[in-house]
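Below: the structure, in structure tokens.
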Amino acid sequence: MDLIVPGFRVKITALSSATSRTKNRIRENGSSGFVLRQESNVIALNNRPGVLLEALEGKGKRGERWLGWLPVDEIEMEVWSD
């Protein structure tokens, strides 16, 4: 696995055991990949390790990009390669 650090463009894939929330966020926002912003234990995820991701496609209100946390144990992450 490649070393992935904040600032990298990444491709995220949901594991088959992932929650519908995780799968939906990836499906709705991940077609162009994400930028990894931060890794941390996240209180909102019951203090589980998570990654803060910013979508590279603006589908939100007024073209804003989605920004949110996903639990590390529900995803696979790899460096985006074109």
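How things are named: the first chain in the structure tokens is A, the next is B, and so on; residues count from 1 in each chain; ligands count from 1 in the order shown.
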(message) I need the residues in region 9-50 of chain A that are helix (DSSP H, G or I) according to DSSP; give them as a list in words.
(response) Ser20, Arg21, Thr22, Lys23, Asn24, Arg25, Ile26, Arg27, Glu28, Asn29, Ile43, Ala44 and Leu45 of chain A
Export, as a short mmCIF file (atom, residue, chain, number, x, y, z; two decimals), in the first residue's frame, the selected residues with N, CA, C and O atoms.
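The resulting out38.cif:
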data_model
loop_
_atom_site.label_atom_id
_atom_site.label_comp_id
_atom_site.auth_asym_id
_atom_site.auth_seq_id
_atom_site.Cartn_x
_atom_site.Cartn_y
_atom_site.Cartn_z
N SER A 20 -24.65 2.05 5.45
CA SER A 20 -25.24 2.71 4.29
C SER A 20 -24.83 4.18 4.23
O SER A 20 -24.68 4.74 3.14
N ARG A 21 -24.60 4.82 5.37
CA ARG A 21 -24.12 6.21 5.39
C ARG A 21 -22.80 6.33 4.64
O ARG A 21 -22.63 7.19 3.78
N THR A 22 -21.85 5.46 4.98
CA THR A 22 -20.54 5.49 4.33
C THR A 22 -20.67 5.22 2.84
O THR A 22 -20.11 5.95 2.01
N LYS A 23 -21.42 4.21 2.48
CA LYS A 23 -21.60 3.88 1.05
C LYS A 23 -22.24 5.03 0.29
O LYS A 23 -21.84 5.35 -0.83
N ASN A 24 -23.24 5.66 0.90
CA ASN A 24 -23.92 6.78 0.25
C ASN A 24 -23.00 7.98 0.06
O ASN A 24 -23.01 8.61 -1.00
N ARG A 25 -22.22 8.32 1.05
CA ARG A 25 -21.31 9.47 0.94
C ARG A 25 -20.30 9.26 -0.19
O ARG A 25 -20.01 10.17 -0.96
N ILE A 26 -19.79 8.05 -0.30
CA ILE A 26 -18.83 7.75 -1.37
C ILE A 26 -19.52 7.79 -2.72
O ILE A 26 -19.01 8.40 -3.67
N ARG A 27 -20.68 7.20 -2.82
CA ARG A 27 -21.42 7.18 -4.09
C ARG A 27 -21.82 8.59 -4.52
O ARG A 27 -21.69 8.97 -5.68
N GLU A 28 -22.28 9.42 -3.58
CA GLU A 28 -22.77 10.76 -3.89
C GLU A 28 -21.65 11.75 -4.18
O GLU A 28 -21.86 12.73 -4.90
N ASN A 29 -20.46 11.54 -3.62
CA ASN A 29 -19.43 12.58 -3.66
C ASN A 29 -18.07 12.14 -4.21
O ASN A 29 -17.19 12.97 -4.37
N ILE A 43 -14.95 11.72 17.68
CA ILE A 43 -15.99 11.56 18.70
C ILE A 43 -17.33 11.23 18.05
O ILE A 43 -18.05 10.35 18.52
N ALA A 44 -17.66 11.88 16.95
CA ALA A 44 -18.94 11.64 16.27
C ALA A 44 -19.05 10.23 15.69
O ALA A 44 -20.15 9.77 15.37
N LEU A 45 -17.93 9.54 15.56
CA LEU A 45 -17.92 8.16 15.08
C LEU A 45 -17.67 7.20 16.24
O LEU A 45 -17.07 6.15 16.08
#
(message) Which residues are close to region 63-72 of chain A, i.e. within 6 Å by only C-alpha atoms, leaving aside same-chain residues fewer than 6 positions away? Reply as a list in words.
(response)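 My list of contacting residues is Pro49, Gly50, Val51, Leu52, Leu53, Glu54 and Ala55 of chain A.
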I need the chosen residues saved as a PDB file, in the first residue's frame, with all heavy atoms.
ATOM      1  N   PRO A  49     -11.252   5.576  14.727  1.00  0.00           N
ATOM      2  CA  PRO A  49     -10.370   6.265  13.782  1.00  0.00           C
ATOM      3  C   PRO A  49     -11.146   6.630  12.520  1.00  0.00           C
ATOM      4  O   PRO A  49     -11.937   5.830  12.005  1.00  0.00           O
ATOM      5  CB  PRO A  49      -9.288   5.234  13.464  1.00  0.00           C
ATOM      6  CG  PRO A  49      -9.323   4.271  14.603  1.00  0.00           C
ATOM      7  CD  PRO A  49     -10.755   4.234  15.060  1.00  0.00           C
ATOM      8  N   GLY A  50     -10.924   7.848  12.060  1.00  0.00           N
ATOM      9  CA  GLY A  50     -11.611   8.304  10.861  1.00  0.00           C
ATOM     10  C   GLY A  50     -10.719   9.187  10.017  1.00  0.00           C
ATOM     11  O   GLY A  50      -9.637   9.595  10.440  1.00  0.00           O
ATOM     12  N   VAL A  51     -11.191   9.470   8.820  1.00  0.00           N
ATOM     13  CA  VAL A  51     -10.491  10.378   7.915  1.00  0.00           C
ATOM     14  C   VAL A  51     -11.447  11.495   7.517  1.00  0.00           C
ATOM     15  O   VAL A  51     -12.632  11.262   7.257  1.00  0.00           O
ATOM     16  CB  VAL A  51      -9.956   9.664   6.656  1.00  0.00           C
ATOM     17  CG1 VAL A  51      -8.773   8.788   7.004  1.00  0.00           C
ATOM     18  CG2 VAL A  51     -11.014   8.857   5.951  1.00  0.00           C
ATOM     19  N   LEU A  52     -10.922  12.711   7.515  1.00  0.00           N
ATOM     20  CA  LEU A  52     -11.678  13.870   7.050  1.00  0.00           C
ATOM     21  C   LEU A  52     -11.377  14.021   5.566  1.00  0.00           C
ATOM     22  O   LEU A  52     -10.215  14.163   5.172  1.00  0.00           O
ATOM     23  CB  LEU A  52     -11.264  15.130   7.810  1.00  0.00           C
ATOM     24  CG  LEU A  52     -11.970  16.419   7.398  1.00  0.00           C
ATOM     25  CD1 LEU A  52     -13.484  16.320   7.624  1.00  0.00           C
ATOM     26  CD2 LEU A  52     -11.390  17.606   8.162  1.00  0.00           C
ATOM     27  N   LEU A  53     -12.422  13.965   4.759  1.00  0.00           N
ATOM     28  CA  LEU A  53     -12.279  13.996   3.305  1.00  0.00           C
ATOM     29  C   LEU A  53     -13.012  15.195   2.731  1.00  0.00           C
ATOM     30  O   LEU A  53     -14.082  15.567   3.216  1.00  0.00           O
ATOM     31  CB  LEU A  53     -12.858  12.716   2.692  1.00  0.00           C
ATOM     32  CG  LEU A  53     -12.227  11.412   3.154  1.00  0.00           C
ATOM     33  CD1 LEU A  53     -13.078  10.237   2.716  1.00  0.00           C
ATOM     34  CD2 LEU A  53     -10.813  11.290   2.610  1.00  0.00           C
ATOM     35  N   GLU A  54     -12.432  15.765   1.672  1.00  0.00           N
ATOM     36  CA  GLU A  54     -13.090  16.822   0.920  1.00  0.00           C
ATOM     37  C   GLU A  54     -13.293  16.316  -0.504  1.00  0.00           C
ATOM     38  O   GLU A  54     -12.333  15.902  -1.168  1.00  0.00           O
ATOM     39  CB  GLU A  54     -12.241  18.081   0.895  1.00  0.00           C
ATOM     40  CG  GLU A  54     -12.885  19.211   0.124  1.00  0.00           C
ATOM     41  CD  GLU A  54     -12.046  20.469   0.092  1.00  0.00           C
ATOM     42  OE1 GLU A  54     -10.983  20.524   0.741  1.00  0.00           O
ATOM     43  OE2 GLU A  54     -12.460  21.415  -0.599  1.00  0.00           O
ATOM     44  N   ALA A  55     -14.543  16.354  -0.954  1.00  0.00           N
ATOM     45  CA  ALA A  55     -14.849  15.910  -2.318  1.00  0.00           C
ATOM     46  C   ALA A  55     -14.213  16.859  -3.319  1.00  0.00           C
ATOM     47  O   ALA A  55     -14.100  18.055  -3.075  1.00  0.00           O
ATOM     48  CB  ALA A  55     -16.358  15.858  -2.525  1.00  0.00           C
TER      49      ALA A  55
END
Closest-contact table, region 20-39 of chain A side, partner region 2-14 of chain A, 8 Å, counting only C-alpha atoms, as a tab-separated table:
residue	atom	partner	partner_atom	distance
A:Thr22	CA	A:Ala14	CA	6.8
A:Lys23	CA	A:Ala14	CA	5.7
A:Ile26	CA	A:Ile12	CA	6.9
A:Gly30	CA	A:Ile12	CA	7.2
A:Gly33	CA	A:Lys11	CA	5.1
A:Phe34	CA	A:Val10	CA	5.3
A:Val35	CA	A:Arg9	CA	4.5
A:Leu36	CA	A:Pro6	CA	4.9
A:Arg37	CA	A:Pro6	CA	4.9
A:Gln38	CA	A:Pro6	CA	5.7
A:Glu39	CA	A:Pro6	CA	7.8
